[in-house]
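start_18.cif follows; it contains mmCIF, C-alpha atoms.
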data_run
loop_
_atom_site.label_atom_id
_atom_site.label_comp_id
_atom_site.auth_asym_id
_atom_site.auth_seq_id
_atom_site.Cartn_x
_atom_site.Cartn_y
_atom_site.Cartn_z
CA MET B 1 27.58 17.88 48.50
CA PRO B 2 25.73 15.06 50.29
CA ILE B 3 23.65 12.88 48.00
CA LEU B 4 20.98 12.74 50.72
CA GLU B 5 20.28 14.81 53.79
CA THR B 6 17.47 15.31 56.24
CA LYS B 7 16.82 18.53 58.09
CA ASN B 8 14.90 18.46 61.37
CA LEU B 9 12.90 15.50 60.05
CA THR B 10 9.97 14.52 62.27
CA LYS B 11 7.21 11.94 61.95
CA ALA B 12 4.30 11.75 64.38
CA PHE B 13 1.54 9.16 64.48
CA ASP B 14 -1.07 10.94 66.58
CA ALA B 15 0.60 11.37 69.97
CA LEU B 16 3.54 9.07 69.16
CA ILE B 17 6.66 10.83 67.89
CA ALA B 18 8.42 8.03 65.96
CA VAL B 19 11.15 10.23 64.45
CA SER B 20 12.08 13.47 66.16
CA ASP B 21 14.08 16.37 64.69
CA VAL B 22 16.57 14.19 62.78
CA THR B 23 19.31 15.95 60.81
CA LEU B 24 21.59 13.62 58.89
CA GLU B 25 23.89 13.63 55.84
CA VAL B 26 24.76 10.72 53.55
CA GLU B 27 27.93 11.12 51.52
CA PRO B 28 27.99 9.83 47.94
CA GLY B 29 29.75 6.54 47.32
CA LYS B 30 29.54 5.43 50.96
CA ILE B 31 27.78 2.68 52.92
CA HIS B 32 25.80 4.37 55.70
CA ALA B 33 24.23 2.07 58.30
CA ILE B 34 21.26 2.96 60.51
CA ILE B 35 21.15 0.96 63.75
CA GLY B 36 19.38 1.10 67.10
CA PRO B 37 17.33 -0.97 69.54
CA ASN B 38 13.83 -2.13 68.67
CA GLY B 39 11.42 0.80 68.62
CA ALA B 40 14.21 3.32 68.08
CA GLY B 41 12.54 4.82 65.00
CA LYS B 42 14.94 3.57 62.35
CA THR B 43 12.31 1.76 60.26
CA THR B 44 10.04 4.80 60.28
CA PHE B 45 13.01 6.95 59.28
CA PHE B 46 13.77 4.52 56.46
CA ASN B 47 10.17 4.70 55.26
CA LEU B 48 10.38 8.49 55.27
CA LEU B 49 13.46 8.32 53.05
CA ALA B 50 11.74 5.92 50.65
CA GLY B 51 8.52 7.94 50.44
CA VAL B 52 6.22 5.48 52.19
CA PHE B 53 5.27 8.14 54.74
CA PRO B 54 5.20 11.92 54.36
CA PRO B 55 7.07 13.78 57.08
CA THR B 56 5.12 15.66 59.73
CA SER B 57 7.76 18.38 59.55
CA GLY B 58 11.28 18.88 58.30
CA LYS B 59 12.83 18.17 54.90
CA ILE B 60 14.44 15.40 52.85
CA ILE B 61 16.98 16.69 50.33
CA TYR B 62 18.23 14.48 47.47
CA ASN B 63 20.94 15.78 45.16
CA GLY B 64 20.23 19.28 46.41
CA LYS B 65 16.46 19.15 45.78
CA ASP B 66 13.66 18.96 48.33
CA ILE B 67 11.85 15.65 47.74
CA SER B 68 9.81 15.66 50.95
CA ALA B 69 6.48 15.61 49.10
CA LEU B 70 7.38 12.94 46.52
CA LYS B 71 5.72 9.52 46.66
CA LEU B 72 7.61 6.22 46.65
CA HIS B 73 7.24 5.65 42.88
CA GLN B 74 8.31 9.23 42.17
CA ARG B 75 11.47 8.78 44.21
CA ALA B 76 12.23 5.57 42.32
CA ARG B 77 12.10 7.55 39.08
CA ILE B 78 14.69 10.07 40.28
CA GLY B 79 17.18 7.44 41.40
CA ILE B 80 16.22 6.08 44.83
CA GLY B 81 15.91 2.29 44.91
CA ARG B 82 14.78 0.14 47.80
CA SER B 83 14.85 -3.49 48.87
CA TYR B 84 12.64 -4.86 51.64
CA GLN B 85 13.12 -6.87 54.83
CA VAL B 86 10.56 -9.34 53.45
CA THR B 87 11.31 -10.25 49.84
CA SER B 88 9.14 -8.49 47.27
CA ILE B 89 9.74 -10.90 44.40
CA PHE B 90 7.09 -12.45 42.13
CA PRO B 91 7.47 -16.05 43.35
CA GLU B 92 5.64 -17.65 40.40
CA LEU B 93 7.80 -15.93 37.75
CA SER B 94 11.34 -16.77 36.69
CA VAL B 95 14.35 -14.96 38.09
CA TYR B 96 14.78 -13.32 34.68
CA GLU B 97 11.15 -12.15 34.48
CA ASN B 98 11.32 -10.63 37.97
CA VAL B 99 14.17 -8.38 36.92
CA ARG B 100 12.90 -7.83 33.37
CA ILE B 101 9.58 -6.44 34.63
CA ALA B 102 11.40 -4.03 36.95
CA VAL B 103 13.71 -2.90 34.13
CA GLN B 104 10.79 -2.48 31.75
CA SER B 105 8.91 -0.33 34.25
CA ARG B 106 11.58 2.34 33.73
CA THR B 107 11.13 2.46 29.95
CA SER B 108 8.55 3.71 27.48
CA TYR B 109 7.11 0.19 27.47
CA ASN B 110 5.96 0.43 31.07
CA PHE B 111 2.26 0.24 30.19
CA SER B 112 2.60 -3.35 28.96
CA LEU B 113 4.69 -4.96 31.68
CA PHE B 114 3.57 -8.53 31.02
CA LYS B 115 4.03 -8.32 27.27
CA VAL B 116 6.65 -10.68 25.83
CA ALA B 117 9.82 -8.56 25.67
CA ASP B 118 12.34 -10.86 23.98
CA ARG B 119 12.54 -8.52 21.00
CA LEU B 120 13.16 -5.53 23.19
CA LYS B 121 16.92 -5.98 23.11
CA GLU B 122 17.79 -3.05 25.32
CA ILE B 123 15.61 -4.38 28.12
CA GLN B 124 16.99 -7.88 27.66
CA ASP B 125 20.59 -6.64 27.78
CA GLN B 126 19.95 -4.55 30.91
CA THR B 127 18.27 -7.50 32.61
CA ASP B 128 21.15 -9.85 31.86
CA ALA B 129 23.68 -7.24 33.01
CA ILE B 130 21.97 -6.86 36.38
CA LEU B 131 21.69 -10.62 36.88
CA LEU B 132 25.39 -10.95 36.06
CA GLU B 133 26.28 -8.13 38.46
CA ILE B 134 24.30 -9.71 41.30
CA GLY B 135 25.55 -13.23 40.57
CA LEU B 136 22.22 -14.74 39.52
CA ILE B 137 22.80 -15.18 35.81
CA ASN B 138 23.03 -18.99 36.15
CA LEU B 139 19.60 -19.04 37.84
CA LYS B 140 17.82 -16.78 35.35
CA GLY B 141 15.51 -19.49 34.02
CA GLN B 142 14.44 -20.85 37.40
CA ILE B 143 11.14 -19.99 39.08
CA ALA B 144 11.89 -17.48 41.85
CA SER B 145 10.13 -19.46 44.59
CA THR B 146 12.37 -22.49 43.91
CA ILE B 147 15.77 -20.84 44.34
CA PRO B 148 17.54 -20.79 47.75
CA TYR B 149 16.49 -18.14 50.24
CA GLY B 150 19.83 -16.35 50.03
CA SER B 151 19.41 -16.11 46.26
CA GLN B 152 15.88 -14.75 46.73
CA ARG B 153 17.31 -11.98 48.91
CA ALA B 154 19.88 -11.23 46.22
CA LEU B 155 17.06 -11.16 43.66
CA ASP B 156 15.31 -8.54 45.77
CA VAL B 157 18.45 -6.41 45.53
CA ALA B 158 18.55 -7.02 41.77
CA ILE B 159 14.99 -5.74 41.46
CA ALA B 160 15.96 -2.60 43.38
CA LEU B 161 18.92 -2.06 41.04
CA SER B 162 16.64 -2.46 38.02
CA THR B 163 15.27 1.04 38.62
CA ASN B 164 18.77 2.40 37.87
CA PRO B 165 19.27 4.09 41.25
CA GLN B 166 22.03 6.35 42.48
CA LEU B 167 20.97 5.73 46.07
CA LEU B 168 20.04 2.25 47.29
CA LEU B 169 18.08 1.71 50.51
CA LEU B 170 18.55 -1.81 51.91
CA ASP B 171 16.22 -2.95 54.69
CA GLU B 172 17.96 -5.67 56.72
CA PRO B 173 19.57 -7.38 53.72
CA THR B 174 20.82 -10.36 55.78
CA SER B 175 17.52 -10.98 57.61
CA GLY B 176 16.87 -14.70 58.08
CA MET B 177 20.05 -15.77 56.33
CA SER B 178 22.40 -18.60 57.22
CA PRO B 179 25.99 -17.67 58.11
CA ASP B 180 27.18 -18.69 54.64
CA ASP B 181 24.48 -16.67 52.89
CA THR B 182 25.22 -13.71 55.18
CA LEU B 183 28.85 -13.74 54.03
CA LYS B 184 27.68 -13.81 50.40
CA MET B 185 25.38 -10.84 51.01
CA ILE B 186 28.19 -8.90 52.70
CA ASP B 187 30.33 -9.51 49.63
CA LEU B 188 27.48 -8.45 47.34
CA VAL B 189 26.86 -5.20 49.23
CA LYS B 190 30.57 -4.38 49.18
CA ARG B 191 30.75 -4.99 45.43
CA ILE B 192 27.72 -2.91 44.49
CA SER B 193 28.83 -0.09 46.81
CA GLU B 194 31.52 0.65 44.23
CA LYS B 195 28.73 1.93 41.95
CA TYR B 196 25.93 2.97 44.32
CA THR B 197 25.53 4.94 47.53
CA ILE B 198 23.94 2.62 50.10
CA VAL B 199 21.90 3.33 53.21
CA LEU B 200 20.96 0.22 55.16
CA ILE B 201 19.23 -0.94 58.29
CA GLU B 202 20.90 -4.00 59.77
CA HIS B 203 20.66 -5.78 63.12
CA HIS B 204 23.71 -8.01 62.78
CA MET B 205 26.50 -5.96 64.30
CA ASN B 206 29.27 -7.99 62.67
CA VAL B 207 27.74 -7.11 59.30
CA VAL B 208 27.41 -3.43 60.21
CA MET B 209 30.97 -3.17 61.47
CA SER B 210 32.46 -5.00 58.50
CA ILE B 211 30.86 -3.03 55.67
CA SER B 212 29.91 0.44 56.91
CA ASP B 213 31.77 3.67 56.30
CA THR B 214 29.44 5.58 58.61
CA ILE B 215 27.03 4.38 61.29
CA THR B 216 24.17 6.43 62.71
CA VAL B 217 22.55 5.22 65.92
CA PHE B 218 18.91 5.93 66.76
CA ASN B 219 17.24 5.73 70.15
CA GLN B 220 13.69 6.86 70.96
CA GLY B 221 13.33 8.53 67.58
CA ARG B 222 16.49 10.61 67.82
CA ILE B 223 20.10 10.31 66.69
CA ILE B 224 22.35 9.67 69.66
CA ALA B 225 25.60 9.10 67.75
CA SER B 226 27.04 9.08 64.25
CA GLY B 227 30.55 8.22 63.11
CA SER B 228 32.92 5.52 61.92
CA PRO B 229 32.55 1.93 63.16
CA ARG B 230 35.44 2.48 65.57
CA GLU B 231 33.87 5.66 66.95
CA ILE B 232 30.53 3.94 67.45
CA GLN B 233 32.14 0.98 69.18
CA GLN B 234 33.76 3.33 71.68
CA ASN B 235 30.71 5.54 72.29
CA ASN B 236 29.43 5.17 75.87
CA GLU B 237 25.93 6.44 75.08
CA VAL B 238 25.60 3.87 72.32
CA GLN B 239 26.74 1.13 74.67
CA LYS B 240 24.08 2.07 77.20
CA ALA B 241 21.21 2.53 74.75
CA TYR B 242 21.95 -0.25 72.30
CA LEU B 243 23.72 -2.93 74.28
CA GLY B 244 22.72 -2.29 77.87
CA GLY B 245 26.21 -1.26 78.78
CA GLY B 246 27.93 -4.23 77.13
CA ARG B 247 30.58 -4.13 74.47
CA PHE B 248 30.35 -4.74 70.72
#

Would you write out, as structure tokens, the structure that this file holds?
Amino acid sequence: MPILETKNLTKAFDALIAVSDVTLEVEPGKIHAIIGPNGAGKTTFFNLLAGVFPPTSGKIIYNGKDISALKLHQRARIGIGRSYQVTSIFPELSVYENVRIAVQSRTSYNFSLFKVADRLKEIQDQTDAILLEIGLINLKGQIASTIPYGSQRALDVAIALSTNPQLLLLDEPTSGMSPDDTLKMIDLVKRISEKYTIVLIEHHMNVVMSISDTITVFNQGRIIASGSPREIQQNNEVQKAYLGGGRF
């Protein structure tokens, strides 16, 4: 059974149809990329999955249950995590505190997020485990705004993982990165995909082709193709819509 599926999903903003009649399945344990030219509707679709917008019509099914009416925070509580194109870290707090607050928000202590939590060993252990998994354990004591940009992007992923998701939505994880940092993020996404199902938006085609199991291409709010990287590379409609007739 797909971990996530949409059925005839549509989102209209007044007269503008941003997402139109989209039916899609995401298989568990896979990396599923959403690509398309600017204005194709992929960001709106992503926001529908996350719960930022309610659909105008159609359904979103997660683990067999209709979650179309759930808000963003409600989806986080049932196992859907999200990172953002622009980092959502607390820049004045340490790397450790950024993750600790996110971990604590999932516990019974979530009404005292800024309370000192050193004695809450379970939270501390979970925080350290996530930082180790993401590769930020050596930076845990540093103020988030002072660490390199690539590490800030990784911290954003760590915060998303702190909600203990099954499904992780990554919004342009390599945005603004140097080539070296991009390679590190590719490695990170590959590593965490062993534990999480990942849906991502990404503009860098070399990234998409190197990490994706499935690629879905949007144009003008609709899906025009979906398949393996090789199938997408060879799809004439994708070439015309996405690359103006050029090749990947």

**OP:** Go ahead and compute the interatomic distance for CA of Lys140 in chain B and CA of Leu188 in chain B, in Å to one decimal.
**Re:** 17.5 Å

Residue neighbourhood Leu16 in chain B, 12 Å, only C-alpha atoms, exclusion window fewer than 5 positions, as an mmCIF file with C-alpha atoms, keeping the file's coordinate frame:
data_model
loop_
_atom_site.group_PDB
_atom_site.id
_atom_site.type_symbol
_atom_site.label_atom_id
_atom_site.label_comp_id
_atom_site.auth_asym_id
_atom_site.auth_seq_id
_atom_site.Cartn_x
_atom_site.Cartn_y
_atom_site.Cartn_z
ATOM 1 C CA THR B 10 9.970 14.520 62.270
ATOM 2 C CA LYS B 11 7.210 11.940 61.950
ATOM 3 C CA GLY B 39 11.420 0.800 68.620
ATOM 4 C CA GLY B 41 12.540 4.820 65.000
ATOM 5 C CA THR B 44 10.040 4.800 60.280
ATOM 6 C CA THR B 56 5.120 15.660 59.730
ATOM 7 C CA GLN B 220 13.690 6.860 70.960
ATOM 8 C CA GLY B 221 13.330 8.530 67.580
#

Original post:
From the list B:Ile186, B:Leu9, B:Leu200, B:Ala40, which residue is nearest Pro55 in chain B when using all atoms listed in the file?
Top reply: B:Leu9

Mind working out the centre and edge lengths of an axis-aligned box for range 55-65 of chain B, all listed atoms inside, 4 Å added to each side, rounded to one decimal in Å and written as JSON?
{"center_x": 13.0, "center_y": 16.5, "center_z": 52.4, "size_x": 23.8, "size_y": 13.5, "size_z": 22.6}

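Of the residues under consideration (B:Leu49, B:Ile223, B:Val208, B:Ile143), B:Leu49 shows the shortest atom-to-atom contact distance to Gly81 in chain B when counting only C-alpha atoms.
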
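For the point (17.5, -4.5, 42.5) in file coordinates, the residues within 8 Å, using only C-alpha atoms, are Gly81, Arg82, Ser83, Val99, Ile130, Leu155, Asp156, Val157, Ala158, Ile159, Ala160, Leu161, Ser162 and Thr163 of chain B.
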
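We find CA of Pro28 in chain B and CA of Glu5 in chain B to be spaced 10.9 Å apart.
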
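One distance worth recording is that between CA of Asp21 in chain B and CA of Leu4 in chain B, which is 16.0 Å.
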
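Evaluated against the shown file, the PyMOL selection byres ((chain B and resi 168-173) around 8) gives Phe46, Ala50, Ile80, Gly81, Arg82, Ser83, Tyr84, Gln85, Arg153, Val157, Ala160, Leu161, Pro165, Gln166, Leu167, Thr174, Ser175, Met185, Tyr196, Thr197, Ile198, Val199, Leu200, Ile201, Glu202 and His203 of chain B.
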
Could you write out as a short mmCIF file (atom, residue, chain, number, x, y, z; two decimals) with C-alpha atoms, keeping the file's coordinate frame the residues that the PyMOL selection byres ((chain B and resi 210-218) around 6) matches in the shown file?
data_model
loop_
_atom_site.label_atom_id
_atom_site.label_comp_id
_atom_site.auth_asym_id
_atom_site.auth_seq_id
_atom_site.Cartn_x
_atom_site.Cartn_y
_atom_site.Cartn_z
CA ILE B 31 27.78 2.68 52.92
CA HIS B 32 25.80 4.37 55.70
CA ALA B 33 24.23 2.07 58.30
CA ILE B 34 21.26 2.96 60.51
CA ILE B 35 21.15 0.96 63.75
CA GLY B 36 19.38 1.10 67.10
CA ALA B 40 14.21 3.32 68.08
CA VAL B 207 27.74 -7.11 59.30
CA VAL B 208 27.41 -3.43 60.21
CA MET B 209 30.97 -3.17 61.47
CA ASN B 219 17.24 5.73 70.15
CA ARG B 222 16.49 10.61 67.82
CA ILE B 223 20.10 10.31 66.69
CA ILE B 224 22.35 9.67 69.66
CA ALA B 225 25.60 9.10 67.75
CA SER B 226 27.04 9.08 64.25
CA GLY B 227 30.55 8.22 63.11
CA SER B 228 32.92 5.52 61.92
#

Original post:
Nearest to Asp187 in chain B among B:Leu72, B:Asn235, B:Gly64, B:Gly135, with distances taken over all atoms listed in the file: which residue is it?
Top reply: B:Gly135

List, as a PDB file with C-alpha atoms, keeping the file's coordinate frame, every residue that the PyMOL selection byres ((chain B and resi 128) around 9) selects in the file provided.
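The resulting out-v2.pdb:
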ATOM      1  CA  TYR B  96      14.780 -13.320  34.680  1.00  0.00           C
ATOM      2  CA  VAL B  99      14.170  -8.380  36.920  1.00  0.00           C
ATOM      3  CA  ARG B 100      12.900  -7.830  33.370  1.00  0.00           C
ATOM      4  CA  ILE B 123      15.610  -4.380  28.120  1.00  0.00           C
ATOM      5  CA  GLN B 124      16.990  -7.880  27.660  1.00  0.00           C
ATOM      6  CA  ASP B 125      20.590  -6.640  27.780  1.00  0.00           C
ATOM      7  CA  GLN B 126      19.950  -4.550  30.910  1.00  0.00           C
ATOM      8  CA  THR B 127      18.270  -7.500  32.610  1.00  0.00           C
ATOM      9  CA  ALA B 129      23.680  -7.240  33.010  1.00  0.00           C
ATOM     10  CA  ILE B 130      21.970  -6.860  36.380  1.00  0.00           C
ATOM     11  CA  LEU B 131      21.690 -10.620  36.880  1.00  0.00           C
ATOM     12  CA  LEU B 132      25.390 -10.950  36.060  1.00  0.00           C
ATOM     13  CA  GLU B 133      26.280  -8.130  38.460  1.00  0.00           C
ATOM     14  CA  ILE B 137      22.800 -15.180  35.810  1.00  0.00           C
ATOM     15  CA  LYS B 140      17.820 -16.780  35.350  1.00  0.00           C
TER      16      LYS B 140
END

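When only C-alpha atoms are used to measure the gap to Pro54 in chain B, the shortest distance among B:Pro91, B:Ala102, B:Gln152, B:Ala12 belongs to B:Ala12.
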
**OP:** For Ile60 in chain B, work out the shell of residues within 7 Å, counting all atoms listed in the file and skipping chain neighbours fewer than 6 positions away, then give it as a count of residues only.
**Re:** 6

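Closest approach to Arg75 in chain B among B:Ser88, B:Ser193, B:Gln142, B:Asn47 is made by B:Asn47 (distances from only C-alpha atoms).
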
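Each of B:Tyr62, B:Ser20, B:Lys184, B:Lys190 was checked against Gly79 in chain B using only C-alpha atoms; the smallest atom-to-atom distance is that of B:Tyr62.
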